[in-house]
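Quick look at start10.cif (mmCIF, C-alpha atoms):
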```cif
data_target
loop_
_atom_site.label_atom_id
_atom_site.label_comp_id
_atom_site.auth_asym_id
_atom_site.auth_seq_id
_atom_site.Cartn_x
_atom_site.Cartn_y
_atom_site.Cartn_z
CA MET A 11 -15.27 83.11 -97.08
CA LYS A 12 -12.10 81.36 -96.01
CA ILE A 13 -12.59 81.70 -92.24
CA SER A 14 -15.62 80.95 -90.12
CA GLU A 15 -16.25 80.39 -86.43
CA LEU A 16 -17.25 77.05 -84.97
CA PRO A 17 -20.41 77.49 -82.84
CA GLY A 18 -20.42 76.72 -79.11
CA ASP A 19 -18.16 79.40 -77.65
CA GLU A 20 -20.59 82.34 -77.76
CA ASP A 21 -21.43 82.15 -74.05
CA SER A 22 -17.84 81.83 -72.85
CA GLY A 23 -16.73 85.36 -73.67
CA VAL A 24 -14.32 86.45 -76.36
CA THR A 25 -11.27 84.67 -75.01
CA CYS A 26 -11.87 81.29 -76.59
CA ARG A 27 -12.75 80.46 -80.15
CA THR A 28 -12.34 77.74 -82.73
CA TYR A 29 -11.86 79.06 -86.24
CA VAL A 30 -12.41 76.99 -89.34
CA PHE A 31 -10.07 77.71 -92.26
CA GLN A 32 -11.19 76.53 -95.70
CA ASN A 33 -8.53 75.19 -98.06
CA GLU A 34 -5.81 75.23 -95.44
CA SER A 35 -3.81 72.41 -93.91
CA HIS A 36 -0.80 71.64 -91.72
CA THR A 37 1.29 74.11 -93.72
CA LEU A 38 -0.42 77.13 -92.24
CA GLY A 39 -1.83 75.43 -89.13
CA ASN A 40 1.44 74.30 -87.64
CA ALA A 41 3.38 77.47 -88.47
CA LEU A 42 0.66 79.66 -86.97
CA LYS A 43 0.25 77.45 -83.92
CA CYS A 44 3.97 77.59 -83.29
CA ILE A 45 3.86 81.41 -83.09
CA ILE A 46 0.61 81.83 -81.16
CA ASN A 47 1.49 79.17 -78.61
CA ARG A 48 4.45 81.25 -77.57
CA TYR A 49 2.50 84.41 -76.80
CA GLU A 50 2.42 85.59 -73.19
CA ASP A 51 -1.33 85.51 -72.59
CA VAL A 52 -2.23 82.33 -74.47
CA GLN A 53 -3.45 79.39 -72.40
CA PHE A 54 -3.98 76.99 -75.23
CA CYS A 55 -3.52 76.98 -78.97
CA GLY A 56 -3.80 74.00 -81.26
CA TYR A 57 -4.99 72.99 -84.67
CA THR A 58 -6.47 69.91 -86.31
CA VAL A 59 -7.38 68.72 -89.75
CA PRO A 60 -10.54 66.80 -88.79
CA HIS A 61 -10.78 64.73 -91.94
CA PRO A 62 -8.11 64.15 -94.60
CA ALA A 63 -10.66 64.21 -97.42
CA GLU A 64 -12.10 67.56 -96.35
CA ASP A 65 -10.01 70.62 -97.09
CA LYS A 66 -10.55 72.21 -93.69
CA MET A 67 -8.41 73.15 -90.74
CA HIS A 68 -9.75 73.86 -87.25
CA PHE A 69 -7.76 76.31 -85.18
CA ARG A 70 -8.44 76.67 -81.44
CA ILE A 71 -7.31 79.58 -79.29
CA GLN A 72 -7.89 80.05 -75.54
CA THR A 73 -6.47 83.00 -73.64
CA GLN A 74 -6.61 84.59 -70.18
CA GLU A 75 -7.89 88.02 -71.20
CA THR A 76 -7.01 89.01 -74.76
CA PRO A 77 -9.81 88.36 -77.28
CA ALA A 78 -9.03 85.29 -79.35
CA LEU A 79 -9.61 87.23 -82.56
CA GLU A 80 -6.90 89.74 -81.60
CA VAL A 81 -4.48 86.91 -80.91
CA LEU A 82 -5.22 85.30 -84.27
CA LYS A 83 -4.67 88.60 -86.09
CA ARG A 84 -1.43 89.19 -84.25
CA GLY A 85 -0.28 85.67 -85.11
CA LEU A 86 -0.99 86.17 -88.80
CA LYS A 87 0.84 89.52 -88.73
CA ASP A 88 3.85 87.92 -87.09
CA LEU A 89 3.88 85.04 -89.57
CA GLN A 90 3.74 87.56 -92.37
CA LYS A 91 6.70 89.38 -90.84
CA VAL A 92 8.64 86.12 -90.64
CA CYS A 93 7.95 85.48 -94.34
CA ASP A 94 8.99 89.00 -95.32
CA HIS A 95 12.19 88.71 -93.37
CA THR A 96 12.94 85.29 -94.89
CA ILE A 97 12.44 86.63 -98.43
CA GLN A 98 14.61 89.63 -97.64
CA SER A 99 17.51 87.66 -96.23
CA PHE A 100 17.28 85.07 -99.00
CA GLU A 101 17.40 87.74 -101.70
CA LYS A 102 20.31 89.47 -100.00
CA GLU A 103 22.20 86.18 -99.97
CA ASP A 104 21.12 85.40 -103.54
CA TYR A 105 22.09 88.91 -104.86
CA MET B 24 34.27 66.41 -72.10
CA PRO B 25 34.61 69.59 -74.21
CA LYS B 26 32.10 72.32 -73.47
CA LEU B 27 29.33 72.43 -76.04
CA GLU B 28 28.43 75.81 -77.46
CA GLU B 29 24.99 77.37 -77.11
CA LYS B 30 23.22 75.48 -79.84
CA PRO B 31 20.17 73.28 -79.37
CA ARG B 32 21.16 69.72 -80.08
CA VAL B 33 19.81 66.25 -80.26
CA ILE B 34 22.38 63.69 -79.31
CA LEU B 35 22.44 60.39 -81.16
CA GLU B 36 23.34 57.76 -78.61
CA GLU B 37 23.72 54.05 -79.15
CA PHE B 38 20.16 53.08 -78.33
CA ARG B 39 18.27 56.35 -78.17
CA VAL B 40 18.05 59.94 -79.32
CA LYS B 41 18.49 62.33 -76.42
CA ASN B 42 17.87 66.06 -76.10
CA ALA B 43 20.66 68.09 -74.55
CA PRO B 44 20.13 68.39 -70.75
CA ASP B 45 19.56 72.15 -70.83
CA ASP B 46 17.27 72.02 -73.86
CA TYR B 47 13.58 72.28 -73.05
CA GLY B 48 12.53 72.49 -76.67
CA MET B 49 12.21 75.58 -78.79
CA ALA B 50 8.44 75.61 -78.25
CA ASP B 51 8.77 76.91 -74.69
CA GLU B 52 10.53 80.13 -75.54
CA LYS B 53 8.31 83.22 -75.74
CA TRP B 54 7.77 84.61 -79.23
CA ASN B 55 9.99 87.55 -80.01
CA PHE B 56 10.36 88.81 -83.55
CA LYS B 57 13.51 90.81 -82.82
CA LYS B 58 15.18 87.75 -81.40
CA PHE B 59 14.15 85.75 -84.46
CA VAL B 60 15.70 88.36 -86.76
CA LYS B 61 18.87 88.37 -84.68
CA ASN B 62 19.35 84.61 -84.78
CA PHE B 63 18.10 83.91 -88.30
CA ARG B 64 20.59 83.40 -91.11
CA ILE B 65 20.46 82.01 -94.65
CA VAL B 66 23.52 80.61 -96.39
CA ILE B 67 23.39 79.45 -100.00
CA VAL B 68 25.82 76.58 -100.30
CA ARG B 69 25.53 75.68 -103.94
CA MET B 70 23.24 76.44 -106.80
CA ASP B 71 22.93 75.75 -110.50
CA HIS B 72 20.02 75.92 -112.93
CA SER B 73 18.31 72.82 -111.60
CA GLU B 74 19.51 72.16 -108.07
CA MET B 75 20.36 74.10 -104.98
CA GLU B 76 21.42 73.56 -101.40
CA PHE B 77 20.99 76.21 -98.75
CA ASP B 78 20.93 76.49 -94.97
CA LEU B 79 18.23 78.08 -92.87
CA ILE B 80 19.81 78.69 -89.49
CA GLY B 81 17.98 79.64 -86.31
CA ILE B 82 14.49 78.83 -87.51
CA HIS B 83 11.71 76.82 -85.93
CA PRO B 84 10.94 73.44 -87.54
CA ALA B 85 7.32 74.51 -88.11
CA PHE B 86 8.47 77.24 -90.53
CA ALA B 87 11.04 75.04 -92.24
CA ASN B 88 8.37 72.40 -92.77
CA ALA B 89 5.86 74.97 -94.00
CA PHE B 90 8.33 76.16 -96.65
CA ARG B 91 9.03 72.59 -97.73
CA ARG B 92 5.34 71.74 -97.98
CA LEU B 93 4.64 74.94 -99.92
CA MET B 94 7.35 74.18 -102.48
CA LEU B 95 5.97 70.69 -103.02
CA SER B 96 2.28 71.35 -103.20
CA GLU B 97 1.40 75.01 -103.53
CA VAL B 98 3.88 76.61 -105.90
CA PRO B 99 2.24 76.48 -109.35
CA SER B 100 3.55 75.19 -112.64
CA MET B 101 2.16 74.43 -116.09
CA ALA B 102 1.27 70.91 -117.19
CA ILE B 103 -0.83 69.23 -119.84
CA GLU B 104 -4.31 68.84 -118.39
CA LYS B 105 -6.53 67.91 -121.35
CA VAL B 106 -5.77 65.66 -124.29
CA MET B 107 -8.16 65.60 -127.23
CA ILE B 108 -7.54 62.34 -129.04
CA LYS B 109 -8.46 62.61 -132.72
CA ASN B 110 -6.71 59.40 -133.65
CA ASN B 111 -4.77 56.84 -131.70
CA THR B 112 -4.05 53.54 -133.42
CA SER B 113 -0.95 52.77 -131.36
CA ILE B 114 -1.10 49.99 -128.78
CA ILE B 115 -0.96 52.38 -125.83
CA GLN B 116 -4.47 53.08 -124.51
CA ASP B 117 -5.95 56.58 -124.71
CA GLU B 118 -6.13 57.14 -120.96
CA VAL B 119 -2.62 55.84 -120.33
CA LEU B 120 -1.29 58.02 -123.12
CA ALA B 121 -3.08 61.08 -121.71
CA HIS B 122 -1.64 60.39 -118.27
CA ARG B 123 1.89 60.04 -119.67
CA LEU B 124 1.55 63.32 -121.54
CA GLY B 125 0.38 65.05 -118.37
CA LEU B 126 3.57 64.11 -116.56
CA ILE B 127 5.88 65.74 -119.14
CA PRO B 128 7.44 68.83 -117.52
CA LEU B 129 6.96 72.05 -119.50
CA LYS B 130 9.34 74.98 -119.65
CA ALA B 131 6.61 77.64 -119.60
CA ASP B 132 7.02 80.09 -116.71
CA PRO B 133 3.86 79.81 -114.56
CA ARG B 134 4.28 83.39 -113.32
CA LEU B 135 3.32 84.62 -116.79
CA PHE B 136 0.01 82.77 -116.73
CA GLU B 137 -3.21 82.85 -114.76
CA TYR B 138 -5.27 80.02 -113.33
CA ARG B 139 -8.04 78.97 -115.64
CA ALA B 140 -11.47 79.56 -114.12
CA GLU B 141 -13.18 76.34 -113.07
CA ASP B 142 -16.26 76.87 -115.22
CA SER B 143 -14.48 78.05 -118.36
CA THR B 144 -14.60 75.70 -121.33
CA GLU B 145 -12.55 77.77 -123.76
CA GLY B 146 -9.07 78.76 -122.68
CA THR B 147 -7.68 82.21 -123.35
CA GLU B 148 -4.16 83.22 -124.30
CA PHE B 149 -3.50 84.18 -120.66
CA ASP B 150 -4.28 80.83 -119.06
CA THR B 151 -3.75 78.14 -121.69
CA LEU B 152 -1.02 76.69 -123.86
CA GLU B 153 -1.98 74.54 -126.80
CA PHE B 154 0.14 71.87 -128.42
CA THR B 155 -0.37 69.20 -131.01
CA LEU B 156 1.24 65.82 -131.43
CA LYS B 157 0.71 64.40 -134.90
CA ILE B 158 2.93 61.56 -135.94
CA LYS B 159 2.67 58.41 -138.03
CA CYS B 160 4.95 55.42 -138.15
CA THR B 161 5.89 54.07 -141.60
CA SER B 162 8.32 51.49 -142.84
CA ASN B 163 11.61 52.87 -144.04
CA LYS B 164 11.80 52.55 -147.85
CA SER B 165 15.55 53.01 -148.05
CA GLN B 166 16.37 50.47 -145.38
CA PRO B 167 19.76 48.83 -145.52
CA LYS B 168 19.73 45.08 -146.29
CA ASP B 169 20.04 42.49 -143.52
CA SER B 170 19.32 44.94 -140.70
CA PHE B 171 16.76 44.09 -138.05
CA ARG B 172 17.18 47.22 -135.99
CA ALA B 173 13.96 49.15 -135.47
CA GLU B 174 15.79 52.40 -136.32
CA ASP B 175 16.62 51.03 -139.77
CA LEU B 176 13.29 49.35 -140.52
CA TYR B 177 10.83 52.08 -139.50
CA GLU B 178 10.35 55.82 -139.54
CA ASN B 179 9.03 57.44 -136.35
CA HIS B 180 8.92 54.18 -134.44
CA SER B 181 9.46 55.93 -131.14
CA VAL B 182 7.58 59.11 -130.27
CA ASN B 183 9.51 61.57 -128.13
CA SER B 184 8.47 64.74 -126.38
CA ALA B 185 10.41 66.70 -129.03
CA SER B 186 7.57 65.96 -131.49
CA ILE B 187 5.15 68.02 -129.42
CA LYS B 188 4.49 71.23 -131.36
CA TRP B 189 3.35 74.46 -129.80
CA HIS B 190 0.45 76.41 -131.35
CA PRO B 191 0.32 79.96 -130.02
CA ILE B 192 -3.18 81.32 -129.43
CA GLY B 193 -4.03 84.99 -129.72
CA ASN B 194 -1.05 87.19 -129.00
CA GLN B 195 1.06 84.43 -127.42
CA ALA B 196 3.63 84.23 -130.23
CA SER B 197 4.86 87.75 -129.47
CA VAL B 198 4.88 87.29 -125.68
CA HIS B 199 6.54 83.88 -125.43
CA LYS B 200 9.36 82.32 -127.38
CA GLU B 201 8.87 78.83 -128.80
CA THR B 202 11.97 77.61 -126.94
CA ASP B 203 10.53 78.80 -123.62
CA VAL B 204 7.23 76.95 -123.53
CA GLY B 205 7.68 73.37 -124.76
CA PRO B 206 8.82 70.25 -122.92
CA VAL B 207 11.90 70.66 -120.71
CA HIS B 208 13.49 67.55 -122.22
CA GLY B 209 13.14 66.52 -125.86
CA ASP B 210 14.04 62.89 -125.29
CA ILE B 211 11.15 61.72 -123.13
CA LEU B 212 9.74 58.59 -124.71
CA ILE B 213 5.97 58.82 -125.02
CA SER B 214 5.08 55.75 -127.07
CA LYS B 215 6.59 53.11 -129.35
CA MET B 216 4.89 52.41 -132.65
CA ARG B 217 5.02 50.16 -135.71
CA PRO B 218 4.02 50.90 -139.34
CA GLY B 219 0.34 51.83 -139.57
CA HIS B 220 0.23 53.20 -136.03
CA GLU B 221 -0.68 56.84 -135.81
CA LEU B 222 -1.16 59.54 -133.21
CA ASP B 223 -3.10 62.73 -133.76
CA LEU B 224 -3.57 64.62 -130.51
CA HIS B 225 -4.49 68.07 -129.37
CA LEU B 226 -2.96 68.96 -125.97
CA VAL B 227 -4.08 71.70 -123.61
CA ALA B 228 -1.75 72.82 -120.81
CA VAL B 229 -2.96 74.89 -117.86
CA LYS B 230 -1.56 76.29 -114.62
CA GLY B 231 -2.11 74.26 -111.48
CA ILE B 232 -0.66 73.33 -108.09
CA GLY B 233 0.81 70.14 -106.69
CA LYS B 234 -2.02 69.77 -104.19
CA ASP B 235 -4.33 69.06 -107.14
CA HIS B 236 -1.99 66.72 -109.00
CA ALA B 237 1.72 65.90 -108.56
CA LYS B 238 2.38 66.80 -112.21
CA PHE B 239 1.92 70.46 -111.26
CA SER B 240 4.64 70.33 -108.62
CA PRO B 241 7.60 72.51 -109.70
CA VAL B 242 10.15 70.49 -107.74
CA ALA B 243 11.44 66.98 -108.17
CA THR B 244 12.50 66.98 -104.52
CA ALA B 245 12.37 69.58 -101.80
CA SER B 246 13.67 68.26 -98.51
CA TYR B 247 15.54 69.30 -95.42
CA ARG B 248 17.71 67.62 -92.83
CA LEU B 249 19.41 68.78 -89.66
CA LEU B 250 23.12 69.63 -89.66
CA PRO B 251 25.10 66.71 -88.20
CA GLU B 252 27.89 67.38 -85.74
CA ILE B 253 30.59 65.00 -84.60
CA ILE B 254 32.79 65.72 -81.59
CA LEU B 255 35.81 63.63 -80.66
CA THR B 256 36.21 63.46 -76.90
CA ARG B 257 39.68 61.92 -76.81
CA GLU B 258 42.65 61.28 -79.05
CA VAL B 259 42.22 58.40 -81.50
CA ASN B 260 45.39 57.00 -83.12
CA GLY B 261 46.67 54.29 -85.42
CA ILE B 262 44.38 51.39 -86.28
CA GLU B 263 41.60 52.84 -84.16
CA ALA B 264 41.73 56.02 -86.21
CA THR B 265 41.32 54.15 -89.50
CA LEU B 266 38.51 52.15 -87.97
CA LEU B 267 36.85 55.37 -86.85
CA GLN B 268 37.25 56.81 -90.32
CA SER B 269 35.54 53.77 -91.85
CA CYS B 270 32.52 54.23 -89.58
CA PHE B 271 31.51 57.50 -91.22
CA SER B 272 30.76 58.74 -94.71
CA PRO B 273 33.82 59.47 -96.92
CA CYS B 274 35.74 62.68 -96.08
CA VAL B 275 34.00 63.15 -92.73
CA ILE B 276 36.91 61.98 -90.59
CA GLY B 277 40.46 62.93 -91.62
CA LEU B 278 43.82 61.62 -90.41
CA ASP B 279 46.67 64.03 -89.73
CA SER B 280 50.37 63.32 -90.35
CA ASP B 281 50.70 61.56 -86.98
CA GLY B 282 47.81 59.25 -87.77
CA ARG B 283 45.52 61.08 -85.38
CA ALA B 284 41.86 61.24 -86.32
CA PHE B 285 40.09 64.60 -86.58
CA VAL B 286 36.66 65.69 -87.75
CA ARG B 287 37.16 67.25 -91.17
CA ASP B 288 33.58 68.02 -92.14
CA ALA B 289 30.53 66.47 -90.52
CA ARG B 290 28.07 68.19 -92.86
CA TYR B 291 27.70 65.37 -95.34
CA ASP B 292 27.73 62.56 -92.80
CA SER B 293 24.90 60.08 -93.18
CA CYS B 294 24.55 59.95 -89.39
CA SER B 295 24.73 56.19 -89.25
CA ARG B 296 25.64 54.90 -85.84
CA ASN B 297 28.29 52.43 -87.00
CA VAL B 298 30.81 53.62 -84.38
CA TYR B 299 28.78 52.08 -81.62
CA ARG B 300 29.55 48.61 -82.98
CA TYR B 301 33.13 48.94 -81.78
CA ASP B 302 33.72 49.01 -78.04
CA CYS B 303 37.24 50.41 -78.45
CA ILE B 304 36.11 53.68 -80.06
CA LYS B 305 32.50 54.12 -79.05
CA ASP B 306 33.53 56.24 -76.06
CA ALA B 307 35.53 58.62 -78.28
CA VAL B 308 32.68 60.32 -80.11
CA ILE B 309 29.55 62.34 -79.48
CA LEU B 310 27.19 62.28 -82.46
CA SER B 311 24.62 65.03 -82.59
CA ARG B 312 22.49 67.18 -84.83
CA ILE B 313 21.84 70.91 -84.53
CA ARG B 314 18.14 71.32 -84.01
CA ASN B 315 17.68 74.72 -85.60
CA HIS B 316 20.07 74.34 -88.54
CA PHE B 317 18.18 73.10 -91.58
CA ILE B 318 19.96 72.02 -94.75
CA PHE B 319 17.51 72.37 -97.62
CA ASN B 320 17.86 70.55 -100.93
CA VAL B 321 15.66 71.81 -103.73
CA GLU B 322 15.71 70.20 -107.15
CA SER B 323 13.70 71.95 -109.86
CA VAL B 324 11.83 70.10 -112.56
CA GLY B 325 12.91 72.74 -115.07
CA ALA B 326 10.29 75.46 -115.39
CA MET B 327 11.70 77.75 -112.70
CA LEU B 328 15.10 78.12 -111.06
CA PRO B 329 15.27 76.51 -107.61
CA ASN B 330 15.92 79.84 -105.83
CA ILE B 331 12.83 81.32 -107.50
CA ILE B 332 10.78 78.34 -106.33
CA PHE B 333 11.80 78.94 -102.72
CA ILE B 334 11.00 82.65 -102.88
CA GLU B 335 7.66 81.91 -104.54
CA ALA B 336 6.86 79.44 -101.74
CA VAL B 337 7.53 82.00 -99.00
CA LYS B 338 5.56 84.62 -100.92
CA ILE B 339 2.58 82.26 -101.08
CA LEU B 340 2.60 81.88 -97.29
CA ARG B 341 2.92 85.63 -96.85
CA ASP B 342 0.03 86.33 -99.22
CA LYS B 343 -2.08 83.73 -97.44
CA CYS B 344 -1.57 85.58 -94.17
CA LYS B 345 -2.37 88.86 -95.88
CA THR B 346 -5.69 87.69 -97.37
CA LEU B 347 -6.71 86.04 -94.11
CA LEU B 348 -5.92 89.22 -92.19
CA ASP B 349 -7.96 91.30 -94.60
CA GLU B 350 -10.86 88.96 -94.12
CA LEU B 351 -10.55 88.98 -90.32
CA ASN B 352 -10.51 92.77 -90.27
CA ASN B 353 -14.04 92.74 -91.70
CA PHE B 354 -15.18 89.90 -89.48
#
```
Would you mind writing the file out in structure tokens?
Amino acid sequence: MKISELPGDEDSGVTCRTYVFQNESHTLGNALKCIINRYEDVQFCGYTVPHPAEDKMHFRIQTQETPALEVLKRGLKDLQKVCDHTIQSFEKEDY
Amino acid sequence: MPKLEEKPRVILEEFRVKNAPDDYGMADEKWNFKKFVKNFRIVIVRMDHSEMEFDLIGIHPAFANAFRRLMLSEVPSMAIEKVMIKNNTSIIQDEVLAHRLGLIPLKADPRLFEYRAEDSTEGTEFDTLEFTLKIKCTSNKSQPKDSFRAEDLYENHSVNSASIKWHPIGNQASVHKETDVGPVHGDILISKMRPGHELDLHLVAVKGIGKDHAKFSPVATASYRLLPEIILTREVNGIEATLLQSCFSPCVIGLDSDGRAFVRDARYDSCSRNVYRYDCIKDAVILSRIRNHFIFNVESVGAMLPNIIFIEAVKILRDKCKTLLDELNNF
């Protein structure tokens, strides 16, 4: 499993979660944070790589109402769309 | 002061770097995919088989940096990973020799191979390339008299990457051509030897990524910088114009027939702040950089074309998102 949930948020509803990504780093963390942070309902979104020798990335989301999981999914979908569009425009330019 | 167009800028002043007054940072803007598509543009400036320069315009630095990081450390390539040393009587130590061999770039296209499973001991034709390096230094029997040059005295006194021989396993000989798998350059010096020294090595190359070891990185450099912009706020003539010209990189500032300075092309300016040393012209220029115009430079090591490397990098990020999404959907 690449994603797990950090314990501690179970009693605070579905609007705040910290997800732990295995084998991920700043590459995905910062790009994803930059999208999710700009969503309407998001109060806080940030990421950290807790230890440089451990291949883990913690990703925190806090929202007003939307479940954090929904926000994360939407963020990944949007990042995927950005990638697809980048590939498309690059290939158009590259013939 | 001339009106600046609607581009986010950072202004390079004499003692500080300042954001434009109406620029609150791209992070504040709400996310809108349609707007991203509208503003985003790619321009390929130059490209050959090993190097390319292209512009990503209207993109957030987080994405630009993600692409750069992916090219450096997550796009795969093939490299020698294991060296079986049957005989090494040269003066270079086994482990140093093995390390040197690992760093030799290989031409093999990593897209045609798979990652070798961590627990596998025997490689298959789909994930492994095998080479041998067997060479012995001898003294040259037919040496010309009175010569002390190593080339005349000895045979095989320097071992180059061209001596590495490919041994196809399984069906590999029909899938790959010999010219498409070996070292990118034939003139990489591996070791120097003297008569009696001998190398007999068996080399195993596998697919890997730069995160594991830099030898697997498909790029020599992958970097970006922001587009510089220089604006002249008043007319600069005569000696002042030549002085102004000397403050910037060559060809950045031009002089017209009346000796008036004009900005010819700020793109390749080094963005040094030499102008501010001269009181007479420091008020004539505004130096800035466009904050969402990234100039990428990608230099391939030789296995893949630089444009392919970039596309592969973006694909890796896309596939990452896809696998994570699939996993989250069954959470």
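Nearest to B:Leu35 of all the residues B:Glu252, B:Asp142, B:Asp210, B:Asp169 is B:Glu252, based on only C-alpha atoms.
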Self-check item: Atomic distance atom CA of B:Asp46 - atom CA of B:Phe77, expressed in Å with one decimal
Solution: 25.5 Å
Quiz item: the PyMOL selection byres ((chain B) within 6 of (chain A)) on the file shown: which residues, as number ranges by chain?
Solution: B: 53-54, 85-86, 89, 337, 341, 344
Self-check item: Neighbour list for stretch 227-232 of chain B as JSON, numbers by chain, cut-off 10 Å, all atoms listed in the file, skip fewer than 3 positions in-chain
Solution: {"B": [93, 94, 95, 96, 97, 98, 99, 100, 101, 102, 103, 104, 105, 106, 107, 125, 129, 131, 132, 133, 134, 135, 136, 137, 138, 139, 146, 149, 150, 151, 152, 153, 154, 155, 224, 235, 236, 237, 238, 239, 240, 241]}
Any chance you can output those residues with C-alpha atoms as an mmCIF file, in the frame of the given file?
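Dumped everything to out.cif:
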```
data_model
loop_
_atom_site.group_PDB
_atom_site.id
_atom_site.type_symbol
_atom_site.label_atom_id
_atom_site.label_comp_id
_atom_site.auth_asym_id
_atom_site.auth_seq_id
_atom_site.Cartn_x
_atom_site.Cartn_y
_atom_site.Cartn_z
ATOM 1 C CA LEU B 93 4.640 74.940 -99.920
ATOM 2 C CA MET B 94 7.350 74.180 -102.480
ATOM 3 C CA LEU B 95 5.970 70.690 -103.020
ATOM 4 C CA SER B 96 2.280 71.350 -103.200
ATOM 5 C CA GLU B 97 1.400 75.010 -103.530
ATOM 6 C CA VAL B 98 3.880 76.610 -105.900
ATOM 7 C CA PRO B 99 2.240 76.480 -109.350
ATOM 8 C CA SER B 100 3.550 75.190 -112.640
ATOM 9 C CA MET B 101 2.160 74.430 -116.090
ATOM 10 C CA ALA B 102 1.270 70.910 -117.190
ATOM 11 C CA ILE B 103 -0.830 69.230 -119.840
ATOM 12 C CA GLU B 104 -4.310 68.840 -118.390
ATOM 13 C CA LYS B 105 -6.530 67.910 -121.350
ATOM 14 C CA VAL B 106 -5.770 65.660 -124.290
ATOM 15 C CA MET B 107 -8.160 65.600 -127.230
ATOM 16 C CA GLY B 125 0.380 65.050 -118.370
ATOM 17 C CA LEU B 129 6.960 72.050 -119.500
ATOM 18 C CA ALA B 131 6.610 77.640 -119.600
ATOM 19 C CA ASP B 132 7.020 80.090 -116.710
ATOM 20 C CA PRO B 133 3.860 79.810 -114.560
ATOM 21 C CA ARG B 134 4.280 83.390 -113.320
ATOM 22 C CA LEU B 135 3.320 84.620 -116.790
ATOM 23 C CA PHE B 136 0.010 82.770 -116.730
ATOM 24 C CA GLU B 137 -3.210 82.850 -114.760
ATOM 25 C CA TYR B 138 -5.270 80.020 -113.330
ATOM 26 C CA ARG B 139 -8.040 78.970 -115.640
ATOM 27 C CA GLY B 146 -9.070 78.760 -122.680
ATOM 28 C CA PHE B 149 -3.500 84.180 -120.660
ATOM 29 C CA ASP B 150 -4.280 80.830 -119.060
ATOM 30 C CA THR B 151 -3.750 78.140 -121.690
ATOM 31 C CA LEU B 152 -1.020 76.690 -123.860
ATOM 32 C CA GLU B 153 -1.980 74.540 -126.800
ATOM 33 C CA PHE B 154 0.140 71.870 -128.420
ATOM 34 C CA THR B 155 -0.370 69.200 -131.010
ATOM 35 C CA LEU B 224 -3.570 64.620 -130.510
ATOM 36 C CA ASP B 235 -4.330 69.060 -107.140
ATOM 37 C CA HIS B 236 -1.990 66.720 -109.000
ATOM 38 C CA ALA B 237 1.720 65.900 -108.560
ATOM 39 C CA LYS B 238 2.380 66.800 -112.210
ATOM 40 C CA PHE B 239 1.920 70.460 -111.260
ATOM 41 C CA SER B 240 4.640 70.330 -108.620
ATOM 42 C CA PRO B 241 7.600 72.510 -109.700
#
```
Quiz item: atom CA of B:Arg296 to atom CA of B:Glu36: how many Å, to one decimal?
Solution: 8.1 Å
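Distance-wise, atom CA of B:Val321 and atom CA of A:Tyr105 end up 18.3 Å apart.
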Practice problem: Determine, counting all atoms listed in the file, every residue of protein, DNA or RNA that lies within 9 Å of (26.4, 54.0, -80.5) in the file coordinates, then give the result as a ChimeraX atom specification. | Solution: /B:35-39,296-301,305-306,308-310
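This file gives the following result for the PyMOL selection byres ((chain B and resi 112) around 7): Asn110, Asn111, Ser113, Ile114, His220, Glu221 and Leu222 of chain B.
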Practice problem: Excluding stretch 20-23 of chain A and residues on its chain fewer than 4 positions from it, collect all residues at most 10 Å away from it, counting all atoms listed in the file, and give them as a ChimeraX atom specification. | Solution: /A:15-16,27,75,77-78
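Against this structure, the PyMOL selection byres ((chain B and resi 32) around 10) ends up with Leu27, Glu28, Glu29, Lys30, Pro31, Val33, Ile34, Leu35, Lys41, Asn42, Ala43, Pro44, Asp45, Asp46, Gly48, Leu249, Leu250, Pro251, Glu252, Leu310, Ser311, Arg312, Ile313, Arg314, Asn315 and His316 of chain B.
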Self-check item: Residues within 10 Å of stretch 259-261 of chain B, all atoms listed in the file, excluding chain neighbours under 4 positions, as a PyMOL selection string
Solution: chain B and resi 255+265-267+278-279+281-285+303-304+307-308
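If you count only C-alpha atoms and ignore residues fewer than 6 places along the chain from B:Ser73, what sits within 7 Å of it is Glu322, Ser323, Gly325, Leu328 and Pro329 of chain B.
Once A:Lys66 and its same-chain neighbours fewer than 4 positions away are set aside, Val30, Phe31, Gln32, Asn33, Glu34, Ser35, Val59, Pro60 and His61 of chain A remain within 8 Å of it when counting only C-alpha atoms.
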